[in-house]
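Worksheet: the structure to be examined is printed underneath.
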Amino acid sequence: MENGITIEQVSYKNAEQARILKACLEIWFKNPKDLNLTAPKMTYPFHFNRWIADSYSKDNTLTYILKKDKWIIGYMSLQLQPKKDFIHLFHVFIDRSFRGKGFSKLLTQKAISYAEEENIPAITLFVNPNNQLAINLYELFGFKKIGFSKTGSLKMKLEL
Ligand SMILES: CC(C)(COP(=O)(O)OP(=O)(O)OC[C@H]1O[C@@H](n2cnc3c(N)ncnc32)[C@H](O)[C@@H]1OP(=O)(O)O)[C@@H](O)C(=O)NCCC(=O)NCCS
């Protein structure tokens, strides 16, 4: 990709990658608002072991990082479903210093490309209904608002 930007798949099962991700997430989520928007079920302060236990203990997730000149500036995960009828997009995050530059679009596009390549017909996600910035991002790609979760998160879906 241009400007030294790359998207790489990473795994918490790889000890070195897990160490780097832990360091990165601990810095990003010193900000309680960012933790809440990214992972609403998690309580502040951020605990890496809880992050793993809550979302990455099963073998059904793919995690991608966005790098600029080897620096991790973004993060996104996909939860795969056994029936392959949809994928669930979660934990989307762009480092504060790199926001408003279109980087989240690269991650969203990656999720869409993955679904297309695997012939998965839909992508779902939950977003805080007050997070208009993220809602704008997803609407840009054609995600539609389809309801609310029990805890009040807005559910959006993209049909491919
Ligand atoms: C939401 C988030 C991922 C957006 O990342 P970003 O890289 O700054 O967003 P982008 O620059 O790629 O912008 C993508 C689109 O989002 C919307 N957007 C971005 N910044 C915006 C702003 N300041 N005001 C209004 N809309 C904005 C726009 O629709 C924009 O597209 P456009 O530039 O063509 O209008 C980022 O702000 C973030 O990490 N927030 C904290 C965690 C979070 O909210 N995650 C989402 C969980 S569902």
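As shown in the structure tokens, the chain order sets the letters A, B, ...; within each chain, residues go from 1, and ligands are also counted from 1 in the order they appear.
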
| request: Throw together the list of residues within 9 Å of ligand 1, counting only C-alpha atoms and all ligand atoms, and drop it here as a PyMOL selection string. | output: chain A and resi 33-40+74-75+89-108+125-128+131-140

| request: Mind checking which residues fall within 9 Å of segment 57-61 of chain A, counting only C-alpha atoms, ignoring those fewer than 2 positions away in the same chain, and posting them as a VMD selection string? | output: chain A and resid 52 to 55 63 77 to 82

| task | Once DSSP has gone over the backbone, tell me which residues of chain A are in alpha helix (DSSP H), as a ChimeraX atom specification. | result | /A:15-28,32-38,48-55,103-117,132-140

| said: Considering only C-alpha atoms, can you say which of A:Ile72, A:Leu160, A:Leu25, A:Ala122 comes closest to Phe46 of chain A? | reply: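 Of the candidates, the smallest distance to Phe46 of chain A is held by A:Leu25.
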
| Selection near Lys110 of chain A, 10 Å with only C-alpha atoms, sequence-local residues under 6 positions removed, as a list in words | Ile7, Tyr64, Met76, Ser104 and Glu116 of chain A

Residue list (strand (DSSP E), DSSP) for segment 16-88 of chain A, as a PDB file with all heavy atoms, in the first residue's frame:
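Output file states-v1.pdb follows:
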```pdb
ATOM      1  N   THR A  61     -11.820 -15.969  15.699  1.00  0.00           N
ATOM      2  CA  THR A  61     -11.604 -14.554  15.396  1.00  0.00           C
ATOM      3  C   THR A  61     -10.373 -14.366  14.503  1.00  0.00           C
ATOM      4  O   THR A  61      -9.435 -15.165  14.545  1.00  0.00           O
ATOM      5  CB  THR A  61     -11.379 -13.729  16.684  1.00  0.00           C
ATOM      6  OG1 THR A  61     -10.309 -14.308  17.402  1.00  0.00           O
ATOM      7  CG2 THR A  61     -12.618 -13.671  17.551  1.00  0.00           C
ATOM      8  N   LEU A  62     -10.437 -13.301  13.734  1.00  0.00           N
ATOM      9  CA  LEU A  62      -9.275 -12.861  12.955  1.00  0.00           C
ATOM     10  C   LEU A  62      -9.002 -11.431  13.378  1.00  0.00           C
ATOM     11  O   LEU A  62      -9.937 -10.631  13.489  1.00  0.00           O
ATOM     12  CB  LEU A  62      -9.596 -12.863  11.459  1.00  0.00           C
ATOM     13  CG  LEU A  62      -9.846 -14.203  10.771  1.00  0.00           C
ATOM     14  CD1 LEU A  62     -10.185 -13.954   9.306  1.00  0.00           C
ATOM     15  CD2 LEU A  62      -8.618 -15.088  10.888  1.00  0.00           C
ATOM     16  N   THR A  63      -7.742 -11.117  13.601  1.00  0.00           N
ATOM     17  CA  THR A  63      -7.394  -9.752  14.000  1.00  0.00           C
ATOM     18  C   THR A  63      -6.416  -9.158  12.997  1.00  0.00           C
ATOM     19  O   THR A  63      -5.468  -9.823  12.568  1.00  0.00           O
ATOM     20  CB  THR A  63      -6.789  -9.753  15.419  1.00  0.00           C
ATOM     21  OG1 THR A  63      -7.801 -10.167  16.337  1.00  0.00           O
ATOM     22  CG2 THR A  63      -6.300  -8.374  15.825  1.00  0.00           C
ATOM     23  N   TYR A  64      -6.695  -7.915  12.634  1.00  0.00           N
ATOM     24  CA  TYR A  64      -5.832  -7.207  11.686  1.00  0.00           C
ATOM     25  C   TYR A  64      -5.322  -5.933  12.336  1.00  0.00           C
ATOM     26  O   TYR A  64      -6.052  -5.251  13.057  1.00  0.00           O
ATOM     27  CB  TYR A  64      -6.613  -6.828  10.422  1.00  0.00           C
ATOM     28  CG  TYR A  64      -7.048  -8.023   9.616  1.00  0.00           C
ATOM     29  CD1 TYR A  64      -8.299  -8.596   9.812  1.00  0.00           C
ATOM     30  CD2 TYR A  64      -6.198  -8.587   8.670  1.00  0.00           C
ATOM     31  CE1 TYR A  64      -8.701  -9.710   9.082  1.00  0.00           C
ATOM     32  CE2 TYR A  64      -6.589  -9.697   7.933  1.00  0.00           C
ATOM     33  CZ  TYR A  64      -7.841 -10.249   8.143  1.00  0.00           C
ATOM     34  OH  TYR A  64      -8.223 -11.353   7.416  1.00  0.00           O
ATOM     35  N   ILE A  65      -4.072  -5.613  12.037  1.00  0.00           N
ATOM     36  CA  ILE A  65      -3.550  -4.317  12.477  1.00  0.00           C
ATOM     37  C   ILE A  65      -3.160  -3.502  11.252  1.00  0.00           C
ATOM     38  O   ILE A  65      -2.754  -4.046  10.222  1.00  0.00           O
ATOM     39  CB  ILE A  65      -2.338  -4.455  13.431  1.00  0.00           C
ATOM     40  CG1 ILE A  65      -1.262  -5.340  12.813  1.00  0.00           C
ATOM     41  CG2 ILE A  65      -2.774  -4.952  14.790  1.00  0.00           C
ATOM     42  CD1 ILE A  65       0.051  -5.309  13.567  1.00  0.00           C
ATOM     43  N   LEU A  66      -3.316  -2.214  11.409  1.00  0.00           N
ATOM     44  CA  LEU A  66      -2.920  -1.275  10.361  1.00  0.00           C
ATOM     45  C   LEU A  66      -1.592  -0.658  10.810  1.00  0.00           C
ATOM     46  O   LEU A  66      -1.485  -0.179  11.948  1.00  0.00           O
ATOM     47  CB  LEU A  66      -4.002  -0.199  10.252  1.00  0.00           C
ATOM     48  CG  LEU A  66      -3.895   0.799   9.118  1.00  0.00           C
ATOM     49  CD1 LEU A  66      -4.179   0.110   7.789  1.00  0.00           C
ATOM     50  CD2 LEU A  66      -4.900   1.927   9.330  1.00  0.00           C
ATOM     51  N   LYS A  67      -0.614  -0.708   9.936  1.00  0.00           N
ATOM     52  CA  LYS A  67       0.698  -0.169  10.310  1.00  0.00           C
ATOM     53  C   LYS A  67       1.092   0.956   9.377  1.00  0.00           C
ATOM     54  O   LYS A  67       0.835   0.887   8.170  1.00  0.00           O
ATOM     55  CB  LYS A  67       1.758  -1.261  10.199  1.00  0.00           C
ATOM     56  CG  LYS A  67       1.832  -2.178  11.377  1.00  0.00           C
ATOM     57  CD  LYS A  67       3.009  -3.085  11.169  1.00  0.00           C
ATOM     58  CE  LYS A  67       3.379  -3.876  12.381  1.00  0.00           C
ATOM     59  NZ  LYS A  67       4.496  -4.786  12.049  1.00  0.00           N
ATOM     60  N   LYS A  68       1.701   1.977   9.946  1.00  0.00           N
ATOM     61  CA  LYS A  68       2.285   3.037   9.133  1.00  0.00           C
ATOM     62  C   LYS A  68       3.762   3.087   9.499  1.00  0.00           C
ATOM     63  O   LYS A  68       4.099   3.347  10.666  1.00  0.00           O
ATOM     64  CB  LYS A  68       1.611   4.379   9.423  1.00  0.00           C
ATOM     65  CG  LYS A  68       2.126   5.499   8.542  1.00  0.00           C
ATOM     66  CD  LYS A  68       1.229   6.736   8.696  1.00  0.00           C
ATOM     67  CE  LYS A  68       1.830   7.978   8.093  1.00  0.00           C
ATOM     68  NZ  LYS A  68       2.301   7.891   6.732  1.00  0.00           N
ATOM     69  N   TRP A  71       4.717   1.297  12.546  1.00  0.00           N
ATOM     70  CA  TRP A  71       4.073   1.745  13.773  1.00  0.00           C
ATOM     71  C   TRP A  71       2.611   1.301  13.722  1.00  0.00           C
ATOM     72  O   TRP A  71       1.939   1.519  12.710  1.00  0.00           O
ATOM     73  CB  TRP A  71       4.153   3.273  13.821  1.00  0.00           C
ATOM     74  CG  TRP A  71       3.786   3.885  15.122  1.00  0.00           C
ATOM     75  CD1 TRP A  71       2.637   4.550  15.406  1.00  0.00           C
ATOM     76  CD2 TRP A  71       4.571   3.926  16.311  1.00  0.00           C
ATOM     77  NE1 TRP A  71       2.641   4.983  16.698  1.00  0.00           N
ATOM     78  CE2 TRP A  71       3.816   4.611  17.281  1.00  0.00           C
ATOM     79  CE3 TRP A  71       5.838   3.426  16.662  1.00  0.00           C
ATOM     80  CZ2 TRP A  71       4.290   4.820  18.580  1.00  0.00           C
ATOM     81  CZ3 TRP A  71       6.297   3.637  17.958  1.00  0.00           C
ATOM     82  CH2 TRP A  71       5.533   4.332  18.897  1.00  0.00           C
ATOM     83  N   ILE A  72       2.104   0.663  14.785  1.00  0.00           N
ATOM     84  CA  ILE A  72       0.703   0.196  14.760  1.00  0.00           C
ATOM     85  C   ILE A  72      -0.227   1.373  15.012  1.00  0.00           C
ATOM     86  O   ILE A  72      -0.156   2.017  16.066  1.00  0.00           O
ATOM     87  CB  ILE A  72       0.467  -0.905  15.816  1.00  0.00           C
ATOM     88  CG1 ILE A  72       1.398  -2.098  15.540  1.00  0.00           C
ATOM     89  CG2 ILE A  72      -1.001  -1.360  15.792  1.00  0.00           C
ATOM     90  CD1 ILE A  72       1.343  -3.190  16.587  1.00  0.00           C
ATOM     91  N   ILE A  73      -1.075   1.660  14.029  1.00  0.00           N
ATOM     92  CA  ILE A  73      -1.963   2.830  14.172  1.00  0.00           C
ATOM     93  C   ILE A  73      -3.446   2.435  14.162  1.00  0.00           C
ATOM     94  O   ILE A  73      -4.304   3.281  14.374  1.00  0.00           O
ATOM     95  CB  ILE A  73      -1.694   3.893  13.077  1.00  0.00           C
ATOM     96  CG1 ILE A  73      -2.008   3.346  11.680  1.00  0.00           C
ATOM     97  CG2 ILE A  73      -0.264   4.395  13.154  1.00  0.00           C
ATOM     98  CD1 ILE A  73      -2.164   4.451  10.639  1.00  0.00           C
ATOM     99  N   GLY A  74      -3.735   1.172  13.916  1.00  0.00           N
ATOM    100  CA  GLY A  74      -5.141   0.780  13.895  1.00  0.00           C
ATOM    101  C   GLY A  74      -5.316  -0.699  14.157  1.00  0.00           C
ATOM    102  O   GLY A  74      -4.348  -1.482  14.067  1.00  0.00           O
ATOM    103  N   TYR A  75      -6.554  -1.076  14.470  1.00  0.00           N
ATOM    104  CA  TYR A  75      -6.847  -2.434  14.924  1.00  0.00           C
ATOM    105  C   TYR A  75      -8.276  -2.784  14.561  1.00  0.00           C
ATOM    106  O   TYR A  75      -9.167  -1.925  14.618  1.00  0.00           O
ATOM    107  CB  TYR A  75      -6.682  -2.444  16.444  1.00  0.00           C
ATOM    108  CG  TYR A  75      -6.877  -3.771  17.124  1.00  0.00           C
ATOM    109  CD1 TYR A  75      -5.783  -4.524  17.521  1.00  0.00           C
ATOM    110  CD2 TYR A  75      -8.156  -4.263  17.385  1.00  0.00           C
ATOM    111  CE1 TYR A  75      -5.952  -5.746  18.163  1.00  0.00           C
ATOM    112  CE2 TYR A  75      -8.334  -5.490  18.022  1.00  0.00           C
ATOM    113  CZ  TYR A  75      -7.224  -6.220  18.415  1.00  0.00           C
ATOM    114  OH  TYR A  75      -7.389  -7.427  19.046  1.00  0.00           O
ATOM    115  N   MET A  76      -8.500  -4.024  14.214  1.00  0.00           N
ATOM    116  CA  MET A  76      -9.866  -4.488  13.906  1.00  0.00           C
ATOM    117  C   MET A  76      -9.921  -6.003  14.037  1.00  0.00           C
ATOM    118  O   MET A  76      -8.971  -6.689  13.694  1.00  0.00           O
ATOM    119  CB  MET A  76     -10.207  -4.112  12.464  1.00  0.00           C
ATOM    120  CG  MET A  76     -11.407  -4.824  11.891  1.00  0.00           C
ATOM    121  SD  MET A  76     -11.592  -4.520  10.117  1.00  0.00           S
ATOM    122  CE  MET A  76     -10.463  -5.733   9.424  1.00  0.00           C
ATOM    123  N   SER A  77     -11.056  -6.503  14.522  1.00  0.00           N
ATOM    124  CA  SER A  77     -11.219  -7.954  14.583  1.00  0.00           C
ATOM    125  C   SER A  77     -12.496  -8.390  13.892  1.00  0.00           C
ATOM    126  O   SER A  77     -13.469  -7.618  13.798  1.00  0.00           O
ATOM    127  CB  SER A  77     -11.255  -8.428  16.040  1.00  0.00           C
ATOM    128  OG  SER A  77      -9.984  -8.265  16.622  1.00  0.00           O
ATOM    129  N   LEU A  78     -12.483  -9.617  13.425  1.00  0.00           N
ATOM    130  CA  LEU A  78     -13.643 -10.229  12.787  1.00  0.00           C
ATOM    131  C   LEU A  78     -13.973 -11.497  13.550  1.00  0.00           C
ATOM    132  O   LEU A  78     -13.078 -12.292  13.840  1.00  0.00           O
ATOM    133  CB  LEU A  78     -13.338 -10.599  11.330  1.00  0.00           C
ATOM    134  CG  LEU A  78     -12.876  -9.481  10.401  1.00  0.00           C
ATOM    135  CD1 LEU A  78     -12.524 -10.053   9.031  1.00  0.00           C
ATOM    136  CD2 LEU A  78     -13.976  -8.434  10.264  1.00  0.00           C
ATOM    137  N   GLN A  79     -15.245 -11.669  13.857  1.00  0.00           N
ATOM    138  CA  GLN A  79     -15.686 -12.926  14.465  1.00  0.00           C
ATOM    139  C   GLN A  79     -16.378 -13.750  13.391  1.00  0.00           C
ATOM    140  O   GLN A  79     -17.330 -13.274  12.753  1.00  0.00           O
ATOM    141  CB  GLN A  79     -16.637 -12.642  15.619  1.00  0.00           C
ATOM    142  CG  GLN A  79     -16.953 -13.862  16.441  1.00  0.00           C
ATOM    143  CD  GLN A  79     -18.045 -13.546  17.440  1.00  0.00           C
ATOM    144  OE1 GLN A  79     -19.199 -13.365  17.078  1.00  0.00           O
ATOM    145  NE2 GLN A  79     -17.668 -13.433  18.702  1.00  0.00           N
ATOM    146  N   LEU A  80     -15.871 -14.962  13.192  1.00  0.00           N
ATOM    147  CA  LEU A  80     -16.405 -15.820  12.137  1.00  0.00           C
ATOM    148  C   LEU A  80     -17.521 -16.686  12.716  1.00  0.00           C
ATOM    149  O   LEU A  80     -17.489 -17.040  13.894  1.00  0.00           O
ATOM    150  CB  LEU A  80     -15.288 -16.706  11.584  1.00  0.00           C
ATOM    151  CG  LEU A  80     -13.973 -15.976  11.258  1.00  0.00           C
ATOM    152  CD1 LEU A  80     -12.917 -16.961  10.785  1.00  0.00           C
ATOM    153  CD2 LEU A  80     -14.191 -14.895  10.200  1.00  0.00           C
ATOM    154  N   ILE A  87     -20.200 -12.322   9.038  1.00  0.00           N
ATOM    155  CA  ILE A  87     -19.090 -12.130   9.978  1.00  0.00           C
ATOM    156  C   ILE A  87     -19.434 -10.927  10.842  1.00  0.00           C
ATOM    157  O   ILE A  87     -20.194 -10.042  10.415  1.00  0.00           O
ATOM    158  CB  ILE A  87     -17.709 -11.914   9.304  1.00  0.00           C
ATOM    159  CG1 ILE A  87     -17.760 -10.834   8.235  1.00  0.00           C
ATOM    160  CG2 ILE A  87     -17.159 -13.197   8.767  1.00  0.00           C
ATOM    161  CD1 ILE A  87     -16.396 -10.531   7.634  1.00  0.00           C
ATOM    162  N   HIS A  88     -18.889 -10.923  12.034  1.00  0.00           N
ATOM    163  CA  HIS A  88     -19.167  -9.823  12.954  1.00  0.00           C
ATOM    164  C   HIS A  88     -17.889  -9.001  13.132  1.00  0.00           C
ATOM    165  O   HIS A  88     -16.844  -9.529  13.497  1.00  0.00           O
ATOM    166  CB  HIS A  88     -19.650 -10.380  14.295  1.00  0.00           C
ATOM    167  CG  HIS A  88     -20.118  -9.319  15.230  1.00  0.00           C
ATOM    168  ND1 HIS A  88     -21.275  -8.594  15.003  1.00  0.00           N
ATOM    169  CD2 HIS A  88     -19.567  -8.828  16.352  1.00  0.00           C
ATOM    170  CE1 HIS A  88     -21.413  -7.708  15.977  1.00  0.00           C
ATOM    171  NE2 HIS A  88     -20.399  -7.821  16.804  1.00  0.00           N
TER     172      HIS A  88
END
```

| task | Tell me which of A:Tyr114, A:Arg50, A:Tyr44, A:Lys83 sits closest to Pro32 of chain A, counting only C-alpha atoms. | result | A:Tyr44

| said: I need the residue nearest Glu26 of chain A from this list: A:Gly142, A:Pro129, A:Pro45, A:Pro121. Use only C-alpha atoms for the distance. | reply: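 Ranking A:Gly142, A:Pro129, A:Pro45, A:Pro121 by distance to Glu26 of chain A, first place goes to A:Pro45.
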